[in-house]
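Data from start.txt: compact mmCIF, C-alpha atoms
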# COMPACT_ATOMS: atom_id res chain seq x y z
CA MET A 65 -33.19 -72.32 15.30
CA ALA A 66 -30.40 -71.60 12.78
CA LEU A 67 -30.97 -68.53 10.61
CA GLN A 68 -29.57 -67.49 7.25
CA ASN A 69 -29.72 -64.35 5.12
CA ILE A 70 -32.53 -64.09 2.56
CA GLY A 71 -31.01 -64.28 -0.93
CA ALA A 72 -27.80 -66.04 -1.96
CA ALA A 73 -26.16 -62.72 -2.88
CA ASN A 74 -26.38 -61.62 0.76
CA SER A 75 -25.08 -64.82 2.34
CA ASP A 76 -21.68 -63.29 3.25
CA ASP A 77 -23.16 -60.15 4.86
CA ALA A 78 -22.98 -60.66 8.63
CA PHE A 79 -25.04 -57.53 9.33
CA TYR A 80 -27.87 -58.23 6.86
CA ARG A 81 -31.16 -57.71 8.74
CA TYR A 82 -33.48 -59.85 6.55
CA LYS A 83 -33.15 -63.44 7.72
CA MET A 84 -35.06 -66.73 7.50
CA PRO A 85 -34.67 -70.12 9.15
CA ARG A 86 -32.63 -72.85 7.45
CA MET A 87 -34.73 -75.45 5.68
CA ILE A 88 -35.36 -78.75 7.48
CA THR A 89 -36.68 -81.72 5.47
CA LYS A 90 -37.78 -85.22 6.35
CA ILE A 91 -38.34 -88.25 4.11
CA GLU A 92 -41.58 -90.09 4.83
CA GLY A 93 -43.05 -93.30 3.40
CA ARG A 94 -41.67 -96.01 1.13
CA GLY A 95 -41.81 -97.10 -2.48
CA ASN A 96 -44.32 -95.26 -4.62
CA GLY A 97 -45.71 -93.47 -1.57
CA ILE A 98 -42.44 -91.81 -0.57
CA LYS A 99 -42.76 -88.07 0.16
CA THR A 100 -40.54 -85.21 1.31
CA ASN A 101 -41.88 -83.15 4.21
CA VAL A 102 -40.54 -79.59 4.62
CA VAL A 103 -40.89 -79.40 8.39
CA ASN A 104 -40.45 -75.65 8.91
CA MET A 105 -42.15 -74.37 5.76
CA VAL A 106 -44.55 -72.19 7.77
CA ASP A 107 -41.66 -70.36 9.49
CA ILE A 108 -39.85 -69.86 6.17
CA ALA A 109 -42.99 -68.48 4.54
CA LYS A 110 -43.52 -66.03 7.42
CA ALA A 111 -39.96 -64.75 7.04
CA LEU A 112 -40.53 -64.24 3.29
CA ALA A 113 -43.98 -62.66 3.88
CA ARG A 114 -45.54 -65.11 1.41
CA PRO A 115 -48.16 -67.83 1.89
CA ALA A 116 -46.68 -71.26 2.53
CA SER A 117 -48.90 -72.67 -0.22
CA TYR A 118 -46.96 -70.58 -2.80
CA THR A 119 -43.56 -72.07 -1.91
CA THR A 120 -44.96 -75.61 -1.72
CA LYS A 121 -46.63 -75.24 -5.13
CA HIS A 122 -43.39 -73.82 -6.54
CA PHE A 123 -41.52 -76.99 -5.52
CA GLY A 124 -44.12 -79.12 -7.31
CA CYS A 125 -43.98 -77.01 -10.49
CA GLU A 126 -40.19 -77.08 -10.66
CA LEU A 127 -39.83 -80.80 -9.83
CA GLY A 128 -42.83 -81.94 -11.91
CA ALA A 129 -44.29 -83.67 -8.86
CA GLN A 130 -47.46 -83.33 -6.87
CA SER A 131 -47.28 -81.03 -3.87
CA LYS A 132 -49.76 -80.21 -1.13
CA PHE A 133 -49.91 -77.82 1.79
CA ASP A 134 -52.39 -78.44 4.59
CA GLU A 135 -53.65 -75.13 6.04
CA LYS A 136 -54.92 -76.75 9.26
CA THR A 137 -51.83 -78.77 10.24
CA GLY A 138 -49.23 -76.62 8.42
CA THR A 139 -47.55 -79.61 6.74
CA SER A 140 -45.85 -79.16 3.35
CA LEU A 141 -45.47 -82.38 1.30
CA VAL A 142 -43.81 -82.97 -2.08
CA ASN A 143 -44.02 -86.38 -3.76
CA GLY A 144 -40.68 -88.13 -4.18
CA SER A 145 -37.42 -88.20 -2.27
CA HIS A 146 -35.57 -84.86 -2.51
CA ASP A 147 -32.57 -83.77 -0.52
CA THR A 148 -32.46 -80.48 1.41
CA ALA A 149 -29.86 -78.81 -0.84
CA LYS A 150 -31.99 -79.31 -3.95
CA LEU A 151 -35.11 -77.86 -2.32
CA ALA A 152 -33.06 -74.94 -0.92
CA GLY A 153 -31.88 -74.14 -4.46
CA LEU A 154 -35.49 -74.15 -5.72
CA LEU A 155 -36.46 -71.86 -2.83
CA GLU A 156 -33.72 -69.43 -3.93
CA ILE A 157 -35.32 -69.29 -7.40
CA PHE A 158 -38.68 -68.50 -5.77
CA ILE A 159 -37.09 -65.70 -3.74
CA LYS A 160 -35.57 -64.10 -6.84
CA LYS A 161 -38.83 -64.27 -8.81
CA TYR A 162 -41.50 -63.51 -6.20
CA VAL A 163 -39.80 -61.94 -3.14
CA GLN A 164 -36.82 -59.72 -3.97
CA CYS A 165 -37.27 -56.32 -5.62
CA TYR A 166 -36.01 -56.27 -9.19
CA GLY A 167 -34.63 -52.77 -8.62
CA CYS A 168 -32.79 -52.78 -5.27
CA GLY A 169 -32.88 -56.49 -4.32
CA ASN A 170 -34.69 -55.81 -1.04
CA PRO A 171 -37.02 -58.65 0.06
CA GLU A 172 -39.52 -56.24 1.66
CA THR A 173 -42.06 -56.42 -1.20
CA GLU A 174 -45.79 -56.96 -1.57
CA ILE A 175 -47.58 -58.96 -4.28
CA ILE A 176 -50.10 -56.87 -6.25
CA ILE A 177 -52.54 -58.24 -8.82
CA THR A 178 -53.58 -55.59 -11.36
CA LYS A 179 -56.94 -55.22 -13.08
CA THR A 180 -55.47 -56.82 -16.20
CA GLN A 181 -54.53 -59.96 -14.19
CA MET A 182 -50.83 -59.16 -14.08
CA ILE A 183 -48.64 -59.84 -11.02
CA GLN A 184 -46.37 -57.09 -9.72
CA LEU A 185 -44.04 -56.68 -6.73
CA LYS A 186 -44.18 -53.30 -4.97
CA CYS A 187 -41.04 -52.54 -2.95
CA ALA A 188 -41.55 -50.78 0.38
CA ALA A 189 -37.91 -49.65 0.45
CA CYS A 190 -37.41 -47.91 -2.92
CA GLY A 191 -40.97 -47.84 -4.28
CA PHE A 192 -40.01 -49.73 -7.46
CA ILE A 193 -42.77 -51.85 -9.05
CA SER A 194 -41.45 -55.09 -10.58
CA ASP A 195 -43.34 -56.99 -13.29
CA VAL A 196 -43.32 -60.75 -12.72
CA ASP A 197 -42.86 -63.03 -15.75
CA MET A 198 -46.36 -64.37 -16.39
CA ARG A 199 -45.02 -67.36 -18.31
CA ASP A 200 -44.04 -69.05 -15.06
CA LYS A 201 -46.34 -71.91 -14.00
CA LEU A 202 -46.80 -70.58 -10.47
CA THR A 203 -48.46 -67.38 -11.72
CA THR A 204 -51.72 -69.18 -12.55
CA PHE A 205 -51.87 -70.59 -9.01
CA ILE A 206 -51.26 -67.11 -7.53
CA LEU A 207 -54.02 -65.57 -9.67
CA LYS A 208 -56.47 -68.24 -8.48
CA ASN A 209 -55.33 -67.86 -4.85
CA PRO A 210 -54.46 -64.17 -4.43
CA PRO A 211 -52.80 -63.03 -1.20
CA GLU A 212 -54.97 -61.39 1.41
CA SER A 213 -54.87 -57.61 1.14
CA LYS A 214 -53.55 -55.96 4.28
CA LYS A 215 -55.96 -53.04 4.22
CA GLY A 216 -58.77 -52.04 1.94
CA THR A 217 -58.87 -48.75 0.07
CA LYS A 218 -61.56 -47.45 2.35
CA ASP A 219 -59.40 -48.18 5.43
CA LYS A 220 -56.47 -46.39 3.81
CA LYS A 221 -58.60 -43.32 3.09
CA ALA A 222 -59.91 -43.36 6.64
CA MET A 223 -56.34 -43.50 7.94
CA ARG A 224 -55.33 -40.62 5.67
CA ARG A 225 -58.29 -38.54 6.89
CA ALA A 226 -57.44 -39.30 10.51
CA GLU A 227 -53.84 -38.25 9.83
CA LYS A 228 -55.04 -34.98 8.26
CA ASP A 229 -57.28 -34.29 11.25
CA ARG A 230 -54.40 -34.98 13.60
CA LEU A 231 -52.16 -32.57 11.70
CA LYS A 232 -54.89 -29.91 11.75
CA GLU A 233 -55.28 -30.23 15.52
CA GLY A 234 -51.52 -29.99 15.96
CA GLU A 235 -51.32 -26.84 13.82
CA VAL A 236 -54.18 -25.22 15.72
CA ALA A 237 -52.45 -25.99 19.02
CA ASP A 238 -49.18 -24.53 17.70
CA GLU A 239 -50.94 -21.34 16.58
CA GLU A 240 -52.58 -20.93 19.99
CA LEU A 241 -49.20 -21.32 21.70
CA LYS A 242 -47.68 -18.72 19.37
CA LYS A 243 -50.51 -16.29 20.12
CA LEU A 244 -50.08 -16.78 23.87
CA LYS A 245 -46.33 -16.19 23.59
CA LYS A 246 -46.88 -13.01 21.55
CA GLU A 247 -49.44 -11.69 24.04
CA THR A 248 -47.16 -12.34 27.02
CA LYS A 249 -44.25 -10.66 25.22
CA LYS A 250 -46.40 -7.60 24.46
CA LYS A 251 -47.58 -7.37 28.08
CA VAL A 252 -44.03 -7.68 29.43
CA SER A 253 -42.66 -5.10 26.96
CA SER A 254 -45.50 -2.65 27.74
CA LYS A 255 -44.89 -3.04 31.49
CA GLU A 256 -41.14 -2.54 31.07
CA ALA A 257 -41.73 0.56 28.95
CA SER A 258 -44.19 2.07 31.42
CA VAL A 259 -42.04 1.51 34.54
CA LYS A 260 -39.73 4.45 35.34
CA PRO A 261 -36.20 3.81 36.69
CA THR A 262 -36.07 4.01 40.48
CA PRO A 263 -33.68 6.57 41.98
CA LYS A 264 -30.40 5.26 43.35
CA LYS A 265 -30.20 4.88 47.10
CA LYS A 266 -27.28 5.26 49.40
CA PRO A 267 -25.03 2.19 49.74
CA SER A 268 -25.64 2.14 53.47
CA GLY A 269 -29.18 0.79 52.90
CA SER A 270 -30.14 -2.80 53.55
CA ASP A 271 -30.73 -5.53 50.94
CA GLU A 272 -34.47 -4.93 51.10
CA ASP A 273 -33.94 -1.38 49.82
CA HIS A 274 -32.15 -2.71 46.69
CA ALA A 275 -34.82 -5.33 45.99
CA SER A 276 -37.28 -4.81 43.11
CA PRO A 277 -40.59 -3.15 44.05
CA PRO A 278 -43.65 -5.39 44.42
CA LYS A 279 -46.21 -5.76 41.64
CA ARG A 280 -48.80 -3.53 43.28
CA HIS A 281 -46.31 -0.65 43.20
CA LEU A 282 -45.73 -1.30 39.50
CA ASN A 283 -49.46 -1.11 38.81
CA VAL A 284 -49.69 2.24 40.65
CA ARG A 285 -46.81 3.59 38.58
CA GLU A 286 -48.44 2.42 35.36
CA GLU A 287 -51.64 4.31 36.22
CA GLU A 288 -49.62 7.45 37.02
CA ASP A 289 -47.73 7.21 33.73
CA GLU A 290 -51.00 6.82 31.77
CA GLU A 291 -52.39 9.98 33.42
CA GLU A 292 -49.22 11.86 32.51
CA ASP A 293 -49.40 10.62 28.89
CA ASP A 294 -52.89 12.11 28.55
CA ASP A 295 -51.48 15.61 29.17
CA VAL A 296 -48.67 15.20 26.62
CA GLN A 297 -49.35 16.36 23.06
CA TRP A 298 -47.69 14.08 20.57
CA LYS A 299 -46.38 15.27 17.22
CA THR A 300 -45.55 13.20 14.16
CA ASP A 301 -43.16 13.92 11.35
CA THR A 302 -45.38 14.07 8.24
CA SER A 303 -42.60 14.44 5.69
CA MET A 304 -42.33 12.03 2.77
CA GLU A 305 -39.11 10.43 4.08
CA ALA A 306 -40.70 9.63 7.44
CA ALA A 307 -43.82 8.26 5.75
CA LYS A 308 -41.70 6.00 3.51
CA GLN A 309 -39.77 4.69 6.52
CA ARG A 310 -42.97 3.87 8.46
CA ILE A 311 -44.48 2.13 5.43
CA GLN A 312 -41.42 -0.06 4.90
CA GLU A 313 -41.41 -1.07 8.56
CA GLN A 314 -45.09 -1.94 8.82
CA LEU A 315 -46.02 -3.37 5.42
CA ASN A 316 -44.52 -6.00 3.16
CA ALA A 317 -42.98 -5.38 -0.23
CA VAL A 318 -46.23 -5.93 -2.17
CA THR A 319 -48.51 -3.59 -0.22
CA ALA A 320 -45.82 -0.94 0.33
CA GLU A 321 -45.97 0.12 -3.31
CA MET A 322 -49.77 0.52 -3.11
CA VAL A 323 -49.44 2.68 0.02
CA MET A 324 -46.81 4.84 -1.68
CA LEU A 325 -49.27 5.62 -4.47
CA SER A 326 -51.85 6.73 -1.93
CA THR A 327 -49.31 8.94 -0.07
CA ASN A 328 -48.46 10.74 -3.31
CA GLU A 329 -52.12 11.61 -3.73
CA THR A 330 -52.51 12.73 -0.10
CA GLU A 331 -50.06 15.56 -0.74
CA LYS A 332 -52.59 17.06 -3.15
CA LYS A 333 -55.50 16.72 -0.71
CA PRO A 334 -55.25 18.94 2.42
CA LYS A 335 -57.93 16.88 4.17
CA ALA A 336 -55.73 13.81 4.32
CA ALA A 337 -52.91 15.86 5.84
CA THR A 338 -55.14 17.13 8.64
CA GLN A 339 -56.26 13.57 9.39
CA ALA A 340 -52.61 12.51 9.65
CA HIS A 341 -52.03 15.24 12.32
CA GLN A 342 -55.08 14.09 14.26
CA SER A 343 -53.96 10.43 14.42
CA PRO A 344 -50.16 10.62 14.81
CA LYS A 345 -49.49 6.99 15.79
CA ALA A 346 -51.33 5.37 12.88
CA VAL A 347 -50.29 5.23 9.23
CA ALA A 348 -53.28 5.75 6.92
CA ALA A 349 -53.99 2.64 4.84
CA PRO A 350 -54.86 3.17 1.15
CA SER A 351 -58.58 3.52 0.56
CA GLU A 352 -60.46 2.02 -2.35
CA ASP A 353 -61.02 5.49 -3.87
CA ASP A 354 -57.26 6.23 -3.90
CA ASP A 355 -56.22 2.82 -5.25
CA PRO A 356 -56.26 2.84 -9.07
CA LYS A 357 -56.43 -0.94 -9.12
CA ALA A 358 -59.62 -1.01 -7.06
CA GLU A 359 -61.51 0.73 -9.87
CA ASN A 360 -61.31 -2.49 -11.85
CA GLY A 361 -61.44 -5.79 -9.90
CA GLU A 362 -60.08 -7.77 -12.84
CA ARG A 363 -56.99 -5.63 -12.94
CA THR A 364 -55.99 -6.46 -9.36
CA PHE A 365 -56.64 -10.16 -9.99
CA GLU A 366 -54.46 -10.04 -13.11
CA THR A 367 -51.60 -8.56 -11.10
CA LEU A 368 -52.03 -11.35 -8.54
CA VAL A 369 -51.81 -13.97 -11.32
CA GLU A 370 -48.70 -12.30 -12.74
CA GLU A 371 -46.99 -12.33 -9.34
CA VAL A 372 -47.66 -16.05 -8.98
CA LYS A 373 -46.36 -16.73 -12.53
CA VAL A 374 -43.13 -14.84 -11.86
CA HIS A 375 -42.60 -16.77 -8.62
CA LEU A 376 -43.27 -20.14 -10.29
CA LYS A 377 -40.71 -19.40 -13.03
CA LYS A 378 -38.02 -19.18 -10.36
CA GLY A 379 -38.46 -22.93 -9.70
CA VAL A 380 -39.17 -22.63 -5.98
CA LYS A 381 -40.08 -25.62 -3.84
CA ALA A 382 -43.59 -26.23 -2.48
CA SER A 383 -42.62 -25.23 1.09
CA GLN A 384 -41.18 -21.92 -0.08
CA PHE A 385 -44.17 -21.42 -2.36
CA GLN A 386 -46.55 -21.74 0.61
CA SER A 387 -44.73 -19.01 2.53
CA PHE A 388 -44.86 -16.79 -0.57
CA LEU A 389 -48.64 -17.26 -0.86
CA GLY A 390 -49.00 -16.25 2.78
CA SER A 391 -47.45 -12.85 1.96
CA LEU A 392 -49.96 -12.11 -0.82
CA SER A 393 -52.87 -9.77 -0.20
CA GLY A 394 -56.26 -11.06 -1.23
CA SER A 395 -58.96 -13.50 -0.23
CA PRO A 396 -58.12 -17.24 -0.05
CA GLN A 397 -60.41 -17.88 -3.02
CA ASP A 398 -58.61 -15.30 -5.20
CA ILE A 399 -55.20 -16.71 -4.27
CA VAL A 400 -56.19 -20.32 -5.10
CA THR A 401 -57.79 -19.18 -8.39
CA ALA A 402 -54.65 -17.22 -9.30
CA VAL A 403 -52.43 -20.26 -8.59
CA PHE A 404 -54.73 -22.49 -10.68
CA GLU A 405 -54.56 -20.14 -13.67
CA ALA A 406 -50.81 -19.63 -13.32
CA LEU A 407 -50.16 -23.39 -13.32
CA LEU A 408 -52.20 -23.87 -16.52
CA ASP A 409 -50.71 -20.88 -18.32
CA GLY A 410 -49.98 -21.84 -21.93
CA VAL A 411 -51.47 -25.37 -21.62
CA GLU A 412 -53.83 -26.27 -24.49
CA LYS A 413 -54.57 -29.95 -23.71
CA GLY A 414 -53.77 -32.60 -21.14
CA PHE A 415 -54.80 -30.36 -18.26
CA SER A 416 -55.18 -33.17 -15.71
CA LYS A 417 -51.65 -34.53 -16.36
CA GLU A 418 -50.17 -31.05 -16.08
CA LEU A 419 -51.92 -30.40 -12.76
CA ILE A 420 -50.84 -33.74 -11.26
CA LYS A 421 -47.21 -32.93 -12.23
CA LYS A 422 -47.53 -29.74 -10.17
CA LYS A 423 -49.44 -31.39 -7.34
CA GLY A 424 -47.13 -29.95 -4.67
CA TYR A 425 -47.98 -26.37 -5.59
CA LEU A 426 -51.72 -27.11 -5.48
CA LEU A 427 -51.44 -28.67 -2.03
CA ALA A 428 -49.44 -25.66 -0.86
CA ALA A 429 -52.18 -23.33 -2.14
CA VAL A 430 -55.05 -25.38 -0.71
CA GLY A 431 -53.46 -25.95 2.70
CA GLN A 432 -55.23 -27.57 5.66
CA GLU A 433 -57.99 -25.00 6.27
CA ASP A 434 -61.66 -25.93 6.33
CA GLY A 435 -63.32 -25.28 2.98
CA SER A 436 -59.98 -25.08 1.17
CA GLN A 437 -60.99 -27.91 -1.17
CA LEU A 438 -64.08 -25.93 -2.17
CA HIS A 439 -61.75 -23.02 -3.08
CA LEU A 440 -59.94 -25.32 -5.52
CA LEU A 441 -63.22 -26.60 -7.02
CA ARG A 442 -64.52 -23.05 -7.51
CA ALA A 443 -61.21 -22.08 -9.10
CA LEU A 444 -61.67 -24.96 -11.56
CA GLU A 445 -65.22 -23.77 -12.25
CA GLU A 446 -64.08 -20.19 -12.90
CA PHE A 447 -61.22 -21.35 -15.14
CA CYS A 448 -63.63 -23.48 -17.19
CA GLY A 449 -65.84 -20.44 -17.68
CA LYS A 450 -62.94 -18.29 -18.92
CA SER A 451 -60.95 -20.78 -21.01
CA ASN A 452 -61.62 -22.71 -24.21
CA PRO A 453 -64.09 -25.64 -24.43
CA ALA A 454 -61.23 -28.16 -24.19
CA VAL A 455 -61.04 -27.60 -20.42
CA VAL A 456 -64.78 -28.18 -20.04
CA LYS A 457 -64.42 -31.51 -21.82
CA GLU A 458 -61.61 -32.61 -19.47
CA VAL A 459 -63.24 -31.38 -16.24
CA ALA A 460 -64.23 -34.92 -15.22
CA LEU A 461 -60.67 -36.17 -15.86
CA ILE A 462 -59.29 -33.35 -13.71
CA LEU A 463 -61.64 -34.27 -10.84
CA LYS A 464 -60.73 -37.95 -11.16
CA ALA A 465 -57.01 -37.11 -11.07
CA PHE A 466 -57.49 -34.89 -7.98
CA TYR A 467 -59.53 -37.64 -6.28
CA ASP A 468 -56.94 -40.36 -6.99
CA ALA A 469 -54.12 -38.08 -5.77
CA ASP A 470 -55.99 -37.39 -2.49
CA ILE A 471 -56.20 -33.67 -3.23
CA LEU A 472 -60.02 -33.72 -3.18
CA GLU A 473 -62.45 -35.84 -1.18
CA GLU A 474 -65.81 -37.11 -2.37
CA GLU A 475 -67.90 -35.13 0.12
CA PHE A 476 -66.54 -31.78 -1.09
CA ILE A 477 -66.95 -32.76 -4.76
CA VAL A 478 -70.61 -33.70 -4.19
CA GLN A 479 -71.24 -30.52 -2.18
CA TRP A 480 -69.74 -28.35 -4.94
CA TYR A 481 -71.78 -30.15 -7.61
CA GLN A 482 -75.05 -29.67 -5.71
CA GLU A 483 -74.29 -25.98 -5.14
CA GLY A 484 -73.62 -25.56 -8.85
CA LEU A 485 -76.92 -27.18 -9.85
CA GLY A 486 -78.78 -24.86 -7.50
CA GLY A 487 -76.85 -21.74 -8.51
CA VAL A 488 -77.21 -19.14 -11.23
CA LYS A 489 -75.03 -21.05 -13.72
CA LYS A 490 -76.93 -24.31 -13.37
CA ASP A 491 -77.30 -24.64 -17.18
CA SER A 492 -73.51 -24.61 -17.74
CA LYS A 493 -71.93 -27.52 -19.62
CA ILE A 494 -69.60 -28.10 -16.68
CA TRP A 495 -72.26 -29.80 -14.60
CA LYS A 496 -73.31 -31.99 -17.52
CA ASN A 497 -69.73 -33.31 -17.86
CA VAL A 498 -69.24 -33.65 -14.09
CA LYS A 499 -72.51 -35.55 -13.52
CA PRO A 500 -71.24 -39.07 -14.54
CA PHE A 501 -68.22 -38.77 -12.26
CA VAL A 502 -70.35 -37.65 -9.29
CA GLU A 503 -72.82 -40.50 -9.88
CA TRP A 504 -69.87 -42.92 -9.95
CA LEU A 505 -68.62 -41.53 -6.63
CA GLN A 506 -72.01 -41.90 -4.98
CA SER A 507 -72.56 -45.42 -6.32
CA ALA A 508 -69.07 -46.51 -5.23
CA GLU A 509 -69.69 -45.10 -1.75
CA SER A 510 -73.03 -46.87 -1.43
CA GLU A 511 -71.50 -50.20 -2.62
CA SER A 512 -68.69 -49.92 -0.09
CA GLU A 513 -71.19 -49.27 2.71
CA GLU A 514 -73.24 -52.32 1.68
CA ASP A 515 -70.07 -54.51 1.63

Structure encoded using structure tokens:
Amino acid sequence: MALQNIGAANSDDAFYRYKMPRMITKIEGRGNGIKTNVVNMVDIAKALARPASYTTKHFGCELGAQSKFDEKTGTSLVNGSHDTAKLAGLLEIFIKKYVQCYGCGNPETEIIITKTQMIQLKCAACGFISDVDMRDKLTTFILKNPPESKKGTKDKKAMRRAEKDRLKEGEVADEELKKLKKETKKKVSSKEASVKPTPKKKPSGSDEDHASPPKRHLNVREEEDEEEDDDVQWKTDTSMEAAKQRIQEQLNAVTAEMVMLSTNETEKKPKAATQAHQSPKAVAAPSEDDDPKAENGERTFETLVEEVKVHLKKGVKASQFQSFLGSLSGSPQDIVTAVFEALLDGVEKGFSKELIKKKGYLLAAVGQEDGSQLHLLRALEEFCGKSNPAVVKEVALILKAFYDADILEEEFIVQWYQEGLGGVKKDSKIWKNVKPFVEWLQSAESESEED
């Protein structure tokens, strides 16, 4: 079967990968009953990813003649005698209007019918959405006979959930492998450190004398070294320079400053100095009594929010932002709440649009952990309690935007709503505004299950 490139503009491209069979026609009948049969219309329609009834109807609309496509036999008939070149030219018009992307010209598109009964072409190559001219006669036929959808919304969500579960399992497996590698490295390093160098033997010895000792001998030497270590009294340099060096090696940049504050206070307290002599190998972590920020919980949370704001102003990417959040000290709930407040800093209205613009940062903060979506919902609840009433009015819009963007799933939204109704703040206006959206979720879920 002879093939040709889809689209007249690509006819000279020998390496063009989108092809369709050449049209074959046949004149049937005589007189007033003469008809033109497009023999390979089914094959052409498959190559264009469009129903054969669309192309047959297009010929009838353009020629002003009756046309019919039989679904059972696959025959495409157009009244009148028409040569192949004329029908091929009409097919080219159909390809430009209903197949090729208006942006990149790629024929890999899908017909979409909107809620307002408008026809669009969604390109799988560039993502451009083309608006079809609704004044064309064929549009009414397409609206009455819409193309079969490849997959329903529920199937797409199920596929997305399965993909998320697969990614979670892969991350868990990677973490377990990392832990095993770290443990084996620690064991090997501890064994190498505990083994003493064997004395050199005379060169006249055999090869067996130069061979490494067996494992049982290594274990005996390790036990002997441990007994010798018990008799040794270790001493630690407790000067400020040594303490600073140990802090910089063991802690990150954020917690190092907090530890430095506590070490300045330990100089004034002789008890802390005696404890440092008793435990030479460990560096004392700052206690809650020594930390000035621990006296006021809001103060530490404010510093966390400020750190996130400063990092967001640098214009970092979502992947870098996720690694930065991993270095912060605090509970997962506090970190998500701080990110939520930092993203909405200075916003007075249009909260849902602003959050969807910064969707990547929210996904980086939420991550793939279990219960992470509840952290985001509780952050929204806390922000509504602190901020002006405008946020409370838009809380349902924010949830709808998160749900459409696949940031939140319906089961977590319903769980959070039920916990809020049974909690201390059950009389808050938040739940009154969220109630219609939750009822819509539950009714949509029940309808989909019935279908």

Which residues come within 12 Å of A:Leu67, counting all atoms listed in the file, excluding same-chain residues fewer than 5 positions away, as a PyMOL selection string?
-> chain A and resi 75+78+80-88+104+107-108+111

Atoms kept (C-alpha atoms) for selection, written as a compact mmCIF listing (two decimals), keeping the file's coordinate frame:
# COMPACT_ATOMS: atom_id res chain seq x y z
CA SER A 75 -25.08 -64.82 2.34
CA ALA A 78 -22.98 -60.66 8.63
CA TYR A 80 -27.87 -58.23 6.86
CA ARG A 81 -31.16 -57.71 8.74
CA TYR A 82 -33.48 -59.85 6.55
CA LYS A 83 -33.15 -63.44 7.72
CA MET A 84 -35.06 -66.73 7.50
CA PRO A 85 -34.67 -70.12 9.15
CA ARG A 86 -32.63 -72.85 7.45
CA MET A 87 -34.73 -75.45 5.68
CA ILE A 88 -35.36 -78.75 7.48
CA ASN A 104 -40.45 -75.65 8.91
CA ASP A 107 -41.66 -70.36 9.49
CA ILE A 108 -39.85 -69.86 6.17
CA ALA A 111 -39.96 -64.75 7.04

Check the smallest atom-to-atom distance from each of A:Ile183, A:Leu112, A:Ile477, A:Val498 to A:Lys160 using all atoms listed in the file, then report the winner.
-> A:Leu112

Could you build a table of the residues in stretch 457-489 of chain A lying no more than 12 Å from stretch 425-428 of chain A, giving for each the nearest pair of atoms and their separation in Å rounded to one decimal place, using all atoms listed in the file, ordered by chain and ascending residue number, as JSON lines?
{"residue": "A:Phe466", "atom": "CA", "partner": "A:Leu426", "partner_atom": "CA", "distance": 10.0}
{"residue": "A:Ala469", "atom": "CA", "partner": "A:Leu427", "partner_atom": "CA", "distance": 10.5}
{"residue": "A:Asp470", "atom": "CA", "partner": "A:Leu427", "partner_atom": "CA", "distance": 9.8}
{"residue": "A:Ile471", "atom": "CA", "partner": "A:Leu427", "partner_atom": "CA", "distance": 7.0}
{"residue": "A:Leu472", "atom": "CA", "partner": "A:Leu427", "partner_atom": "CA", "distance": 10.0}

Which residues, written as JSON, numbers by chain, have at least one atom at most 12 Å from stretch 119-128 of chain A, with only C-alpha atoms counted and residues fewer than 2 positions away on the same chain left out?
-> {"A": [99, 100, 101, 102, 103, 104, 105, 106, 107, 108, 109, 110, 112, 113, 114, 115, 116, 117, 130, 131, 132, 133, 134, 135, 138, 139, 140, 141, 142, 143, 144, 145, 146, 148, 150, 151, 152, 153, 154, 155, 156, 157, 158, 159, 161, 162, 163, 200, 201, 202, 203, 204, 205, 206, 209]}

Padding 8 Å on every side, please: axis-aligned box over the listed atoms of stretch 496-507 of chain A, centre and edge lengths to one decimal in Å, as lines of an AutoDock Vina configuration file.
center_x = -70.8
center_y = -38.7
center_z = -11.4
size_x = 21.1
size_y = 29.4
size_z = 28.9

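Across the structure, atom CA of A:Glu366 and atom CA of A:Ile494 are spaced 23.8 Å apart.
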
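With all atoms listed in the file as the atoms that count, the minimum distance from A:Ser416 to the choices A:Phe79, A:Tyr467, A:His375, A:Phe388 is reached by A:Tyr467.
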
With distances taken over only C-alpha atoms, which of A:Lys457, A:Glu446, A:Asp398, A:Arg230 is nearest to A:Lys413?
-> A:Lys457

Distance in Å - atom CA of A:Gln184 versus atom CA of A:Asp197 = 9.2 Å

Work out how far atom CA of A:Ala465 is from atom CA of A:Ile420, in Å to one decimal.
-> 7.0 Å
